[in-house]
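Q: Have a look at this one before I ask anything.
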Amino acid sequence: VRLDALRMWAVSGGDECVPVLVGRLGEDSSELVRAGIAWTLAFGWHSDLEAIAALSAAVDAEESTQVRQAVNAALKAVEALREHFGQE
């Protein structure tokens with residue numbers, strides 16, 4: 001429920017969502033929520049430097065192997081999206 005609520009809010013909330021999602025990425029007690037937030041940041045804010053930095057930091061900080069794998073995959077999606085849209 002928490003992940004669904006965060007995703008619904010992210011769709012309509014705009015850029016003010018980034019700091020909240022970044023905070024939840026590092027603090028939420030649920031691995032499912034943390035992994036879902038990584039994907040939400042990757043697809044919603046692939047050009048936002050704060051979001052990218054948070055994802056990069058989460059790779060090293062995340063204790064869960066499953067979440068770390070999701071974050072790595074989300075970062076690869078960010079790279080692909082940035083390349084597709086011609087962003088450096």
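Chain identifiers are assigned as A, B, and so on, following the order in which chains appear in the structure tokens; residues are numbered from 1 within each chain, and ligands are numbered from 1 in order of appearance.
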Skip A:Gln69 itself and residues of its chain fewer than 6 positions away, then list as a list in words all residues within 10 Å of it, counting only C-alpha atoms.

A: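 Everything that qualifies: Ala35, Val59, Glu62 and Leu75 of chain A.
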
Q: At a cut-off of 9 Å, using only C-alpha atoms, what residues contact stretch 18-25 of chain A? Leave out same-chain residues fewer than 5 positions from it and give the result as a list in words.

A: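 My reading of the contact set: Leu6, Ala10, Val33, Arg34, Ala35, Gly36, Ile37, Ala38, Thr40, Leu41, Trp45, Asp48, Glu50, Ala51, Ala54, Leu55 and Ala58 of chain A.
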
Q: Atom CA of A:Asp15 to atom CA of A:Arg68: how many Å, to one decimal?

A: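 Spanning atom CA of A:Asp15 to atom CA of A:Arg68 is a straight-line distance of 24.2 Å.
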
Q: Point out the residue among A:Ser29, A:His46, A:Ala57, A:Val67 with the least atom-to-atom distance to A:Ala80, counting only C-alpha atoms.

A: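 Checking each candidate against A:Ala80, we get A:His46 as the closest.
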
Q: Please, what distance in Å, to one decimal, runs between atom CA of A:Ala74 and atom CA of A:Ala42?

A: 5.6 Å

Q: Could you find all residues in chain A that DSSP calls alpha helix (DSSP H) from the backbone, and write them as a ChimeraX atom specification?

A: /A:2-13,17-27,31-44,49-61,65-84

Q: Emit the selected residues as an mmCIF file, in the first residue's frame, including C-alpha atoms.

A:
```cif
data_model
loop_
_atom_site.group_PDB
_atom_site.id
_atom_site.type_symbol
_atom_site.label_atom_id
_atom_site.label_comp_id
_atom_site.auth_asym_id
_atom_site.auth_seq_id
_atom_site.Cartn_x
_atom_site.Cartn_y
_atom_site.Cartn_z
ATOM 1 C CA ARG A 2 2.820 2.415 0.898
ATOM 2 C CA LEU A 3 4.584 1.910 -2.433
ATOM 3 C CA ASP A 4 1.351 2.340 -4.373
ATOM 4 C CA ALA A 5 0.596 5.547 -2.485
ATOM 5 C CA LEU A 6 4.085 6.917 -3.122
ATOM 6 C CA ARG A 7 3.858 6.085 -6.822
ATOM 7 C CA MET A 8 0.424 7.676 -7.192
ATOM 8 C CA TRP A 9 1.673 10.806 -5.444
ATOM 9 C CA ALA A 10 4.838 10.863 -7.560
ATOM 10 C CA VAL A 11 2.800 10.940 -10.759
ATOM 11 C CA SER A 12 0.931 14.073 -9.724
ATOM 12 C CA GLY A 13 3.334 15.649 -7.245
ATOM 13 C CA CYS A 17 8.569 14.420 -4.664
ATOM 14 C CA VAL A 18 12.280 13.793 -5.233
ATOM 15 C CA PRO A 19 13.490 14.673 -1.711
ATOM 16 C CA VAL A 20 10.752 12.571 -0.136
ATOM 17 C CA LEU A 21 11.416 9.586 -2.385
ATOM 18 C CA VAL A 22 15.165 9.890 -1.832
ATOM 19 C CA GLY A 23 14.560 9.842 1.918
ATOM 20 C CA ARG A 24 12.311 6.798 1.692
ATOM 21 C CA LEU A 25 14.865 5.028 -0.522
ATOM 22 C CA GLY A 26 17.312 5.081 2.343
ATOM 23 C CA GLU A 27 14.933 4.734 5.268
ATOM 24 C CA GLU A 31 12.634 -3.958 0.794
ATOM 25 C CA LEU A 32 9.773 -3.970 -1.711
ATOM 26 C CA VAL A 33 9.165 -0.263 -1.137
ATOM 27 C CA ARG A 34 12.862 0.624 -1.412
ATOM 28 C CA ALA A 35 13.196 -1.324 -4.677
ATOM 29 C CA GLY A 36 10.014 0.233 -6.042
ATOM 30 C CA ILE A 37 11.203 3.707 -5.147
ATOM 31 C CA ALA A 38 14.442 3.067 -7.044
ATOM 32 C CA TRP A 39 12.419 2.288 -10.175
ATOM 33 C CA THR A 40 10.120 5.257 -9.595
ATOM 34 C CA LEU A 41 13.112 7.600 -9.372
ATOM 35 C CA ALA A 42 14.730 6.019 -12.423
ATOM 36 C CA PHE A 43 11.739 6.418 -14.692
ATOM 37 C CA GLY A 44 10.277 9.600 -13.234
ATOM 38 C CA LEU A 49 20.912 14.865 -10.540
ATOM 39 C CA GLU A 50 19.663 14.463 -6.948
ATOM 40 C CA ALA A 51 17.736 11.325 -7.899
ATOM 41 C CA ILE A 52 20.707 9.878 -9.780
ATOM 42 C CA ALA A 53 23.059 10.624 -6.890
ATOM 43 C CA ALA A 54 20.668 8.960 -4.440
ATOM 44 C CA LEU A 55 20.453 5.849 -6.586
ATOM 45 C CA SER A 56 24.235 5.703 -6.905
ATOM 46 C CA ALA A 57 24.641 6.101 -3.146
ATOM 47 C CA ALA A 58 22.028 3.423 -2.480
ATOM 48 C CA VAL A 59 24.126 0.848 -4.334
ATOM 49 C CA ASP A 60 26.806 1.127 -1.662
ATOM 50 C CA ALA A 61 24.546 1.779 1.326
ATOM 51 C CA THR A 65 21.073 -7.919 -2.000
ATOM 52 C CA GLN A 66 17.663 -7.948 -3.665
ATOM 53 C CA VAL A 67 17.203 -4.184 -3.298
ATOM 54 C CA ARG A 68 20.809 -3.521 -4.360
ATOM 55 C CA GLN A 69 20.148 -5.525 -7.542
ATOM 56 C CA ALA A 70 16.987 -3.501 -8.197
ATOM 57 C CA VAL A 71 18.871 -0.246 -7.668
ATOM 58 C CA ASN A 72 21.629 -1.377 -10.060
ATOM 59 C CA ALA A 73 19.026 -2.278 -12.677
ATOM 60 C CA ALA A 74 17.279 1.063 -12.133
ATOM 61 C CA LEU A 75 20.599 2.865 -12.668
ATOM 62 C CA LYS A 76 21.066 0.990 -15.944
ATOM 63 C CA ALA A 77 17.599 2.186 -16.963
ATOM 64 C CA VAL A 78 18.636 5.752 -16.080
ATOM 65 C CA GLU A 79 21.709 5.412 -18.305
ATOM 66 C CA ALA A 80 19.611 4.077 -21.179
ATOM 67 C CA LEU A 81 16.998 6.810 -20.820
ATOM 68 C CA ARG A 82 19.620 9.542 -20.638
ATOM 69 C CA GLU A 83 21.323 8.169 -23.721
ATOM 70 C CA HIS A 84 18.001 7.919 -25.559
#
```
